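> So I've got this file, input01.pdb, and it contains PDB, C-alpha atoms:
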```pdb
ATOM      1  CA  MET A   1     -65.170  46.593 -66.425
ATOM      2  CA  PRO A   2     -61.933  44.680 -67.015
ATOM      3  CA  GLU A   3     -61.919  42.871 -70.333
ATOM      4  CA  ILE A   4     -59.606  40.515 -72.211
ATOM      5  CA  PRO A   5     -56.615  42.866 -72.733
ATOM      6  CA  GLU A   6     -56.334  43.774 -69.035
ATOM      7  CA  LEU A   7     -57.294  40.408 -67.560
ATOM      8  CA  GLN A   8     -54.920  38.473 -69.794
ATOM      9  CA  HIS A   9     -51.945  40.434 -68.498
ATOM     10  CA  ILE A  10     -53.162  40.426 -64.889
ATOM     11  CA  ALA A  11     -53.494  36.625 -64.965
ATOM     12  CA  ARG A  12     -49.908  36.322 -66.183
ATOM     13  CA  VAL A  13     -48.541  38.664 -63.495
ATOM     14  CA  LEU A  14     -50.480  36.906 -60.735
ATOM     15  CA  THR A  15     -49.140  33.547 -61.898
ATOM     16  CA  GLU A  16     -45.551  34.779 -61.921
ATOM     17  CA  ARG A  17     -45.768  36.343 -58.450
ATOM     18  CA  LEU A  18     -47.993  33.858 -56.585
ATOM     19  CA  ARG A  19     -47.088  30.450 -57.995
ATOM     20  CA  GLY A  20     -45.885  28.018 -55.336
ATOM     21  CA  ARG A  21     -46.318  30.379 -52.371
ATOM     22  CA  PRO A  22     -48.455  28.922 -49.545
ATOM     23  CA  ILE A  23     -51.356  31.071 -48.361
ATOM     24  CA  THR A  24     -50.727  31.868 -44.689
ATOM     25  CA  ASN A  25     -53.736  34.088 -43.975
ATOM     26  CA  VAL A  26     -57.254  34.522 -45.336
ATOM     27  CA  ASP A  27     -58.981  37.676 -44.081
ATOM     28  CA  ILE A  28     -62.609  38.191 -45.137
ATOM     29  CA  GLN A  29     -63.977  41.702 -44.618
ATOM     30  CA  LYS A  30     -67.025  41.796 -46.933
ATOM     31  CA  PRO A  31     -68.278  38.233 -47.464
ATOM     32  CA  ILE A  32     -71.096  39.365 -49.769
ATOM     33  CA  VAL A  33     -69.008  38.614 -52.888
ATOM     34  CA  ILE A  34     -67.997  35.109 -51.736
ATOM     35  CA  ARG A  35     -70.448  32.448 -52.898
ATOM     36  CA  LEU A  36     -69.797  29.862 -50.186
ATOM     37  CA  PRO A  37     -69.693  29.867 -46.376
ATOM     38  CA  ARG A  38     -66.884  31.909 -44.856
ATOM     39  CA  GLU A  39     -65.397  28.930 -43.017
ATOM     40  CA  ASP A  40     -65.317  26.793 -46.185
ATOM     41  CA  PHE A  41     -63.588  29.561 -48.141
ATOM     42  CA  GLU A  42     -60.983  30.048 -45.434
ATOM     43  CA  ALA A  43     -60.325  26.320 -44.962
ATOM     44  CA  GLY A  44     -60.164  25.738 -48.709
ATOM     45  CA  LEU A  45     -57.439  28.341 -49.235
ATOM     46  CA  LEU A  46     -55.405  28.376 -46.035
ATOM     47  CA  GLY A  47     -52.146  26.533 -46.672
ATOM     48  CA  ALA A  48     -52.918  26.024 -50.362
ATOM     49  CA  GLN A  49     -50.692  27.235 -53.192
ATOM     50  CA  PHE A  50     -51.775  28.772 -56.474
ATOM     51  CA  GLU A  51     -50.207  26.854 -59.355
ATOM     52  CA  MET A  52     -51.556  29.033 -62.133
ATOM     53  CA  VAL A  53     -53.965  31.901 -62.760
ATOM     54  CA  GLU A  54     -55.832  31.626 -66.038
ATOM     55  CA  ARG A  55     -58.219  33.926 -67.839
ATOM     56  CA  THR A  56     -61.297  32.643 -69.599
ATOM     57  CA  GLY A  57     -63.732  35.246 -70.830
ATOM     58  CA  LYS A  58     -63.923  37.802 -68.015
ATOM     59  CA  PHE A  59     -63.146  35.256 -65.297
ATOM     60  CA  LEU A  60     -59.860  34.758 -63.485
ATOM     61  CA  LEU A  61     -59.303  31.140 -62.446
ATOM     62  CA  PHE A  62     -56.825  30.600 -59.595
ATOM     63  CA  ARG A  63     -55.885  26.898 -59.739
ATOM     64  CA  THR A  64     -54.531  25.440 -56.496
ATOM     65  CA  ASP A  65     -52.341  22.474 -55.661
ATOM     66  CA  ARG A  66     -55.378  20.898 -54.000
ATOM     67  CA  GLY A  67     -57.221  20.437 -57.276
ATOM     68  CA  SER A  68     -59.565  23.321 -56.522
ATOM     69  CA  VAL A  69     -60.155  26.603 -58.345
ATOM     70  CA  MET A  70     -60.942  30.052 -57.001
ATOM     71  CA  ALA A  71     -63.079  31.459 -59.814
ATOM     72  CA  VAL A  72     -63.428  35.241 -59.766
ATOM     73  CA  ASN A  73     -65.907  37.187 -61.859
ATOM     74  CA  PRO A  74     -64.945  40.838 -61.156
ATOM     75  CA  MET A  75     -68.012  42.265 -62.915
ATOM     76  CA  LEU A  76     -68.008  46.083 -63.171
ATOM     77  CA  ASN A  77     -65.588  47.236 -60.491
ATOM     78  CA  GLY A  78     -63.778  44.262 -58.967
ATOM     79  CA  ARG A  79     -59.994  44.293 -58.988
ATOM     80  CA  PHE A  80     -56.979  42.861 -57.214
ATOM     81  CA  GLN A  81     -54.308  44.963 -55.561
ATOM     82  CA  TRP A  82     -50.954  44.155 -53.996
ATOM     83  CA  THR A  83     -50.839  44.824 -50.255
ATOM     84  CA  SER A  84     -47.094  44.402 -49.724
ATOM     85  CA  GLY A  85     -43.869  44.331 -51.688
ATOM     86  CA  PRO A  86     -42.229  47.191 -53.611
ATOM     87  CA  ASP A  87     -45.335  47.750 -55.753
ATOM     88  CA  GLY A  88     -47.868  47.233 -52.958
ATOM     89  CA  ASN A  89     -50.239  49.639 -51.281
ATOM     90  CA  ARG A  90     -50.276  48.847 -47.568
ATOM     91  CA  ARG A  91     -53.144  51.178 -46.616
ATOM     92  CA  ALA A  92     -56.484  49.473 -46.062
ATOM     93  CA  HIS A  93     -59.150  50.116 -48.697
ATOM     94  CA  ALA A  94     -62.721  50.702 -47.521
ATOM     95  CA  ARG A  95     -64.155  48.400 -50.181
ATOM     96  CA  THR A  96     -61.808  45.477 -49.546
ATOM     97  CA  CYS A  97     -63.784  42.229 -49.642
ATOM     98  CA  PHE A  98     -61.003  39.811 -48.718
ATOM     99  CA  SER A  99     -57.228  39.657 -48.472
ATOM    100  CA  LEU A 100     -54.702  36.846 -48.835
ATOM    101  CA  ARG A 101     -51.187  36.776 -47.444
ATOM    102  CA  PHE A 102     -48.484  34.427 -48.620
ATOM    103  CA  GLN A 103     -45.502  32.775 -46.972
ATOM    104  CA  ASP A 104     -42.924  35.394 -46.074
ATOM    105  CA  THR A 105     -39.714  35.084 -48.069
ATOM    106  CA  ASP A 106     -37.347  37.741 -49.359
ATOM    107  CA  ASP A 107     -40.410  39.097 -51.214
ATOM    108  CA  PRO A 108     -43.267  39.419 -48.658
ATOM    109  CA  LEU A 109     -46.473  39.438 -50.596
ATOM    110  CA  GLY A 110     -50.205  39.874 -50.179
ATOM    111  CA  ILE A 111     -53.195  40.662 -52.364
ATOM    112  CA  ARG A 112     -56.624  42.078 -51.667
ATOM    113  CA  TYR A 113     -59.801  41.919 -53.716
ATOM    114  CA  ILE A 114     -61.586  45.284 -53.891
ATOM    115  CA  ASP A 115     -65.069  45.865 -55.275
ATOM    116  CA  GLU A 116     -66.559  49.363 -55.170
ATOM    117  CA  ARG A 117     -70.132  48.121 -55.664
ATOM    118  CA  TYR A 118     -69.845  44.553 -54.347
ATOM    119  CA  LEU A 119     -71.094  43.179 -57.675
ATOM    120  CA  GLY A 120     -68.279  40.694 -58.241
ATOM    121  CA  LYS A 121     -68.627  37.027 -57.432
ATOM    122  CA  VAL A 122     -65.993  34.654 -56.031
ATOM    123  CA  TYR A 123     -66.318  30.861 -55.982
ATOM    124  CA  LEU A 124     -64.135  28.039 -54.707
ATOM    125  CA  VAL A 125     -64.901  24.706 -56.375
ATOM    126  CA  ASP A 126     -63.191  21.482 -57.360
ATOM    127  CA  ALA A 127     -61.615  21.761 -60.797
ATOM    128  CA  ASP A 128     -64.006  19.082 -62.046
ATOM    129  CA  ASP A 129     -66.965  21.202 -60.923
ATOM    130  CA  LEU A 130     -66.215  24.405 -62.827
ATOM    131  CA  ASP A 131     -69.350  23.812 -64.867
ATOM    132  CA  THR A 132     -71.365  24.601 -61.722
ATOM    133  CA  VAL A 133     -70.120  28.212 -61.628
ATOM    134  CA  PRO A 134     -72.884  30.505 -62.922
ATOM    135  CA  VAL A 135     -72.111  32.496 -66.098
ATOM    136  CA  LEU A 136     -68.818  30.629 -66.546
ATOM    137  CA  SER A 137     -70.700  27.481 -67.469
ATOM    138  CA  GLU A 138     -72.987  29.365 -69.853
ATOM    139  CA  GLN A 139     -70.480  31.440 -71.803
ATOM    140  CA  GLY A 140     -69.520  30.845 -75.388
ATOM    141  CA  PRO A 141     -65.975  30.411 -76.702
ATOM    142  CA  ASP A 142     -63.364  32.921 -75.644
ATOM    143  CA  ALA A 143     -62.813  35.680 -78.197
ATOM    144  CA  LEU A 144     -59.127  34.719 -78.450
ATOM    145  CA  ASP A 145     -59.622  30.953 -78.420
ATOM    146  CA  PRO A 146     -57.544  29.564 -81.332
ATOM    147  CA  ALA A 147     -60.350  27.075 -81.971
ATOM    148  CA  LEU A 148     -62.687  29.981 -82.739
ATOM    149  CA  ASP A 149     -61.955  30.494 -86.425
ATOM    150  CA  GLN A 150     -63.879  32.743 -88.774
ATOM    151  CA  ASP A 151     -66.216  29.976 -89.931
ATOM    152  CA  GLU A 152     -67.240  29.154 -86.349
ATOM    153  CA  PHE A 153     -67.647  32.855 -85.554
ATOM    154  CA  LEU A 154     -69.951  33.358 -88.541
ATOM    155  CA  LYS A 155     -71.936  30.251 -87.690
ATOM    156  CA  ARG A 156     -72.525  31.481 -84.150
ATOM    157  CA  LEU A 157     -73.358  35.017 -85.330
ATOM    158  CA  LYS A 158     -76.232  33.674 -87.456
ATOM    159  CA  ARG A 159     -78.098  32.788 -84.257
ATOM    160  CA  TYR A 160     -78.484  36.469 -83.372
ATOM    161  CA  ARG A 161     -80.888  38.940 -84.963
ATOM    162  CA  GLY A 162     -80.417  42.048 -82.818
ATOM    163  CA  GLN A 163     -77.916  44.888 -82.911
ATOM    164  CA  VAL A 164     -74.308  43.978 -83.538
ATOM    165  CA  LYS A 165     -72.939  45.588 -80.359
ATOM    166  CA  ASN A 166     -75.403  43.649 -78.218
ATOM    167  CA  ALA A 167     -74.076  40.423 -79.703
ATOM    168  CA  LEU A 168     -70.430  41.327 -79.061
ATOM    169  CA  VAL A 169     -71.032  41.969 -75.353
ATOM    170  CA  ASN A 170     -73.167  38.848 -74.950
ATOM    171  CA  ALA A 171     -70.963  36.266 -73.194
ATOM    172  CA  LYS A 172     -73.141  33.458 -74.508
ATOM    173  CA  PHE A 173     -72.062  34.435 -78.020
ATOM    174  CA  ILE A 174     -68.396  35.285 -77.410
ATOM    175  CA  ALA A 175     -66.750  35.547 -73.997
ATOM    176  CA  GLY A 176     -64.452  38.317 -72.827
ATOM    177  CA  ILE A 177     -65.676  41.426 -74.666
ATOM    178  CA  GLY A 178     -67.369  44.273 -72.807
ATOM    179  CA  ASN A 179     -68.510  47.795 -73.449
ATOM    180  CA  ALA A 180     -65.124  49.402 -74.081
ATOM    181  CA  TYR A 181     -63.634  46.966 -76.553
ATOM    182  CA  SER A 182     -66.884  46.355 -78.397
ATOM    183  CA  ASP A 183     -66.795  50.078 -79.268
ATOM    184  CA  GLU A 184     -63.194  49.754 -80.447
ATOM    185  CA  ILE A 185     -63.858  46.605 -82.469
ATOM    186  CA  LEU A 186     -66.805  48.187 -84.256
ATOM    187  CA  PHE A 187     -64.825  51.347 -84.947
ATOM    188  CA  ASN A 188     -61.998  49.352 -86.487
ATOM    189  CA  ALA A 189     -64.491  47.337 -88.530
ATOM    190  CA  GLY A 190     -66.313  50.500 -89.655
ATOM    191  CA  ILE A 191     -69.654  49.127 -88.452
ATOM    192  CA  HIS A 192     -72.327  51.198 -86.694
ATOM    193  CA  PRO A 193     -72.989  49.714 -83.226
ATOM    194  CA  PHE A 194     -76.770  49.692 -83.705
ATOM    195  CA  THR A 195     -76.728  47.953 -87.086
ATOM    196  CA  LYS A 196     -78.933  44.877 -87.178
ATOM    197  CA  ILE A 197     -76.924  41.710 -87.674
ATOM    198  CA  SER A 198     -79.431  40.500 -90.239
ATOM    199  CA  THR A 199     -78.485  43.421 -92.513
ATOM    200  CA  LEU A 200     -74.727  42.750 -92.415
ATOM    201  CA  PRO A 201     -73.406  41.107 -95.596
ATOM    202  CA  GLU A 202     -71.244  38.011 -95.157
ATOM    203  CA  SER A 203     -68.120  39.955 -96.124
ATOM    204  CA  ARG A 204     -68.757  42.558 -93.428
ATOM    205  CA  ARG A 205     -69.253  39.820 -90.853
ATOM    206  CA  GLY A 206     -65.857  38.452 -91.772
ATOM    207  CA  GLU A 207     -64.356  41.913 -91.352
ATOM    208  CA  LEU A 208     -65.958  42.066 -87.904
ATOM    209  CA  PHE A 209     -64.163  38.865 -86.909
ATOM    210  CA  ASP A 210     -60.827  40.199 -88.179
ATOM    211  CA  ALA A 211     -61.360  43.508 -86.355
ATOM    212  CA  MET A 212     -62.169  41.639 -83.135
ATOM    213  CA  ARG A 213     -58.931  39.677 -83.195
ATOM    214  CA  ASP A 214     -56.762  42.590 -84.353
ATOM    215  CA  THR A 215     -58.213  44.995 -81.783
ATOM    216  CA  LEU A 216     -57.809  42.634 -78.834
ATOM    217  CA  HIS A 217     -54.223  41.746 -79.738
ATOM    218  CA  TRP A 218     -53.350  45.425 -80.267
ATOM    219  CA  ALA A 219     -54.899  46.454 -76.953
ATOM    220  CA  ALA A 220     -53.319  43.543 -75.053
ATOM    221  CA  GLU A 221     -49.828  44.708 -75.991
ATOM    222  CA  ILE A 222     -50.546  48.237 -74.779
ATOM    223  CA  ALA A 223     -52.234  47.027 -71.594
ATOM    224  CA  GLU A 224     -49.206  44.878 -70.765
ATOM    225  CA  THR A 225     -46.916  47.893 -70.996
ATOM    226  CA  GLU A 226     -49.174  50.332 -69.162
ATOM    227  CA  ILE A 227     -50.261  48.008 -66.344
ATOM    228  CA  GLY A 228     -46.921  46.372 -65.625
ATOM    229  CA  GLN A 229     -47.113  45.161 -62.005
ATOM    230  CA  LYS A 230     -49.920  47.598 -61.101
ATOM    231  CA  ILE A 231     -52.681  45.030 -61.439
ATOM    232  CA  ASP A 232     -55.376  47.330 -60.031
ATOM    233  CA  THR A 233     -55.126  49.769 -62.950
ATOM    234  CA  LYS A 234     -57.260  49.768 -66.074
ATOM    235  CA  PRO A 235     -55.666  51.913 -68.816
ATOM    236  CA  ARG A 236     -58.144  53.163 -71.366
ATOM    237  CA  GLU A 237     -56.724  56.514 -72.479
ATOM    238  CA  PHE A 238     -55.222  54.946 -75.598
ATOM    239  CA  LEU A 239     -58.588  53.833 -76.982
ATOM    240  CA  ASN A 240     -59.764  55.484 -80.187
ATOM    241  CA  VAL A 241     -63.454  56.158 -79.504
ATOM    242  CA  HIS A 242     -64.683  54.672 -76.230
ATOM    243  CA  ARG A 243     -65.602  57.453 -73.791
ATOM    244  CA  LYS A 244     -64.234  60.009 -76.260
ATOM    245  CA  GLY A 245     -67.578  61.632 -77.044
ATOM    246  CA  GLY A 246     -67.188  65.143 -78.473
ATOM    247  CA  GLU A 247     -63.529  64.625 -79.326
ATOM    248  CA  PRO A 248     -62.281  64.458 -82.938
ATOM    249  CA  CYS A 249     -62.229  61.035 -84.550
ATOM    250  CA  PRO A 250     -58.588  59.924 -84.966
ATOM    251  CA  ARG A 251     -59.400  58.791 -88.499
ATOM    252  CA  CYS A 252     -61.575  61.520 -90.047
ATOM    253  CA  GLU A 253     -61.639  64.269 -87.354
ATOM    254  CA  SER A 254     -65.438  64.325 -87.197
ATOM    255  CA  LEU A 255     -66.719  64.597 -83.636
ATOM    256  CA  ILE A 256     -67.231  61.249 -81.936
ATOM    257  CA  SER A 257     -70.827  60.560 -80.947
ATOM    258  CA  GLU A 258     -71.739  59.168 -77.546
ATOM    259  CA  VAL A 259     -75.115  57.837 -76.484
ATOM    260  CA  ALA A 260     -76.242  55.752 -73.522
ATOM    261  CA  PRO A 261     -79.228  53.520 -74.308
ATOM    262  CA  ASN A 262     -80.081  51.372 -71.280
ATOM    263  CA  ARG A 263     -77.344  53.300 -69.398
ATOM    264  CA  ARG A 264     -74.595  51.616 -71.436
ATOM    265  CA  VAL A 265     -72.327  54.264 -72.956
ATOM    266  CA  THR A 266     -71.705  53.649 -76.647
ATOM    267  CA  SER A 267     -69.112  55.718 -78.512
ATOM    268  CA  PHE A 268     -68.704  55.750 -82.292
ATOM    269  CA  CYS A 269     -67.961  57.877 -85.344
ATOM    270  CA  ARG A 270     -71.021  58.443 -87.503
ATOM    271  CA  ASN A 271     -68.792  59.200 -90.482
ATOM    272  CA  CYS A 272     -66.472  56.176 -90.226
ATOM    273  CA  GLN A 273     -69.221  53.830 -89.050
ATOM    274  CA  PRO A 274     -72.215  54.711 -91.246
ATOM    275  CA  VAL A 275     -73.808  51.210 -91.317
TER     276      VAL A 275
END
```
Would you kindly transcribe this structure into structure tokens?

Amino acid sequence: MPEIPELQHIARVLTERLRGRPITNVDIQKPIVIRLPREDFEAGLLGAQFEMVERTGKFLLFRTDRGSVMAVNPMLNGRFQWTSGPDGNRRAHARTCFSLRFQDTDDPLGIRYIDERYLGKVYLVDADDLDTVPVLSEQGPDALDPALDQDEFLKRLKRYRGQVKNALVNAKFIAGIGNAYSDEILFNAGIHPFTKISTLPESRRGELFDAMRDTLHWAAEIAETEIGQKIDTKPREFLNVHRKGGEPCPRCESLISEVAPNRRVTSFCRNCQPV
């Protein structure tokens, strides 16, 4: 699942490449992911220009010059891919849901949205109606929102009584963190993923906030370098513990544990994250 570090860079690249280029073709192959009638989606985008692509939580918001927004929630497997240009892949992909082509200039350009399991959701709404988009309207503050300071983080955390990892991946608490980076945040904070929030001292909760910010900024810099223009990639090899079960911990060399309660893989070091 793409999370803040990848999506933040992808939004920036999409803005740089697509801004001000009229959409000349809308080709829908698998309408299941599009949450409005096919003809409305096509008419709403054809001839429009994207002015900016923003990230909020795990959503990408494509703002158009018509005052509308294409809101994309890629869920587990959704991703965009260039279909033309020097970094494009022109071959059709079996799981392509829709493709967009842009006005042909010296840099012919197109993108496709691919979703291996068709779990993503795509909306096209007026900018004033973004609060009608499910999940987007319900999520809490973005994990990198400057307005989310430590005091606000701690205040929100007090509302939760379950395990700390479950809170981190709950978009209603904090938006933008998923399975991979919750593991990394907890590793950097030295907190066991199944620790009950109610047992965490105030000082440890503050360390959790600091680890969240530090981890996401650290990963965002690496993701920017490793993704570059290849917006369909999701680099994760550099992570310390996530999906590294059985490998030595980079801090203490104990073997990293990996369990999958409720089919969600959780990776951690029992030595570095005792409680």
> Tell me which protein, DNA and RNA residues are within 6 Å of range 176-184 of chain A, counting only C-alpha atoms, leaving out same-chain ones fewer than 2 positions away, and put them as a ChimeraX atom specification.
/A:3-4,57-58,169,186-187,242
> Can you spell out as a ChimeraX atom specification the set of residues that the PyMOL selection byres ((chain A and resi 122-135) around 12) selects in the structure I just provided?
/A:28,30-45,56-75,78-79,97-98,113-115,118-121,136-140,170-172,175-176
> Have a look at A:Ala48, A:Val53, A:Leu7, A:Ala189 and name the one nearest to Val26 in chain A; count all atoms listed in the file.
A:Ala48
> Translate the PyMOL selection byres ((chain A and resi 156) around 10), as applied to the file shown, into an explicit residue set as a compact mmCIF listing (two decimals) with C-alpha atoms, in the frame of the given file.

```
# COMPACT_ATOMS: atom_id res chain seq x y z
CA GLY A 140 -69.52 30.84 -75.39
CA PRO A 141 -65.97 30.41 -76.70
CA GLN A 150 -63.88 32.74 -88.77
CA ASP A 151 -66.22 29.98 -89.93
CA GLU A 152 -67.24 29.15 -86.35
CA PHE A 153 -67.65 32.85 -85.55
CA LEU A 154 -69.95 33.36 -88.54
CA LYS A 155 -71.94 30.25 -87.69
CA LEU A 157 -73.36 35.02 -85.33
CA LYS A 158 -76.23 33.67 -87.46
CA ARG A 159 -78.10 32.79 -84.26
CA TYR A 160 -78.48 36.47 -83.37
CA LYS A 172 -73.14 33.46 -74.51
CA PHE A 173 -72.06 34.44 -78.02
CA ILE A 174 -68.40 35.28 -77.41
```
> Residues within 10 Å of (-54.7, 47.1, -76.8), file coordinates, counting all atoms listed in the file: what are they? Give the list as a list in words.
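Neighbouring residues, ordered by chain and number, come to Ile4, Pro5, Glu6, Tyr181, Glu184, Asp214, Thr215, Leu216, His217, Trp218, Ala219, Ala220, Glu221, Ile222, Ala223, Glu224, Thr225, Glu226, Pro235, Arg236, Phe238 and Leu239 of chain A.
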> I would like the residues chosen by the PyMOL selection byres ((chain A and resi 10) around 9) on the shown file; could you give them as an mmCIF file with C-alpha atoms, in the frame of the given file?

```
data_model
loop_
_atom_site.group_PDB
_atom_site.id
_atom_site.type_symbol
_atom_site.label_atom_id
_atom_site.label_comp_id
_atom_site.auth_asym_id
_atom_site.auth_seq_id
_atom_site.Cartn_x
_atom_site.Cartn_y
_atom_site.Cartn_z
ATOM 1 C CA PRO A 5 -56.615 42.866 -72.733
ATOM 2 C CA GLU A 6 -56.334 43.774 -69.035
ATOM 3 C CA LEU A 7 -57.294 40.408 -67.560
ATOM 4 C CA GLN A 8 -54.920 38.473 -69.794
ATOM 5 C CA HIS A 9 -51.945 40.434 -68.498
ATOM 6 C CA ALA A 11 -53.494 36.625 -64.965
ATOM 7 C CA ARG A 12 -49.908 36.322 -66.183
ATOM 8 C CA VAL A 13 -48.541 38.664 -63.495
ATOM 9 C CA LEU A 14 -50.480 36.906 -60.735
ATOM 10 C CA THR A 15 -49.140 33.547 -61.898
ATOM 11 C CA VAL A 53 -53.965 31.901 -62.760
ATOM 12 C CA ARG A 55 -58.219 33.926 -67.839
ATOM 13 C CA LEU A 60 -59.860 34.758 -63.485
ATOM 14 C CA PHE A 80 -56.979 42.861 -57.214
ATOM 15 C CA GLU A 224 -49.206 44.878 -70.765
ATOM 16 C CA ILE A 227 -50.261 48.008 -66.344
ATOM 17 C CA GLY A 228 -46.921 46.372 -65.625
ATOM 18 C CA GLN A 229 -47.113 45.161 -62.005
ATOM 19 C CA LYS A 230 -49.920 47.598 -61.101
ATOM 20 C CA ILE A 231 -52.681 45.030 -61.439
ATOM 21 C CA ASP A 232 -55.376 47.330 -60.031
#
```
> Looking at A:Leu100, A:Asp27, A:Thr195, A:Arg91, which one is nearest to Gln49 in chain A, with distances taken over all atoms listed in the file?
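The answer is A:Leu100, which sits nearest to Gln49 in chain A.
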> Expressed in Å to a single decimal, how great is the separation between CA of Asp210 in chain A and CA of Leu76 in chain A?
26.7 Å
> Compare A:Arg213, A:Pro2, A:Pro108, A:Glu116 by their minimum atom-to-atom distance to Ile185 in chain A, counting all atoms listed in the file, and give me the closest one.
A:Arg213
> Using only C-alpha atoms, which of A:Ala211, A:Ala94, A:Ile23, A:Ile191 sits nearest Phe268 in chain A?
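Closest residue, counting only C-alpha atoms: A:Ile191.
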> Put the listed atoms of range 73-87 of chain A in a box along x, y and z with 6 Å added on every side and give me the centre and edge lengths in Å to one decimal, as AutoDock Vina command-line options.

```
--center_x -55.1 --center_y 42.5 --center_z -56.4 --size_x 37.8 --size_y 22.6 --size_z 25.4
```
> Quick one: pull the distance between CA of Ser254 in chain A and CA of Phe194 in chain A, Å, one decimal.
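According to the coordinates, CA of Ser254 in chain A and CA of Phe194 in chain A are separated by 18.8 Å.
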> As an exercise, work out the distance from CA of Thr266 in chain A to CA of Pro248 in chain A in Å and give it to one decimal place.
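According to the coordinates, CA of Thr266 in chain A and CA of Pro248 in chain A are separated by 15.7 Å.
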> From the set A:Gln163, A:Asn188, A:Asp142, A:His93, which residue has the shortest atom-to-atom contact distance to Asn240 in chain A, counting all atoms listed in the file?
A:Asn188
> Neighbouring residues of Arg243 in chain A were defined as those with any atom within 8 Å, considering all atoms listed in the file; residues of the same chain fewer than 4 positions away were excluded. Please report them as a ChimeraX atom specification.
/A:258,265-267
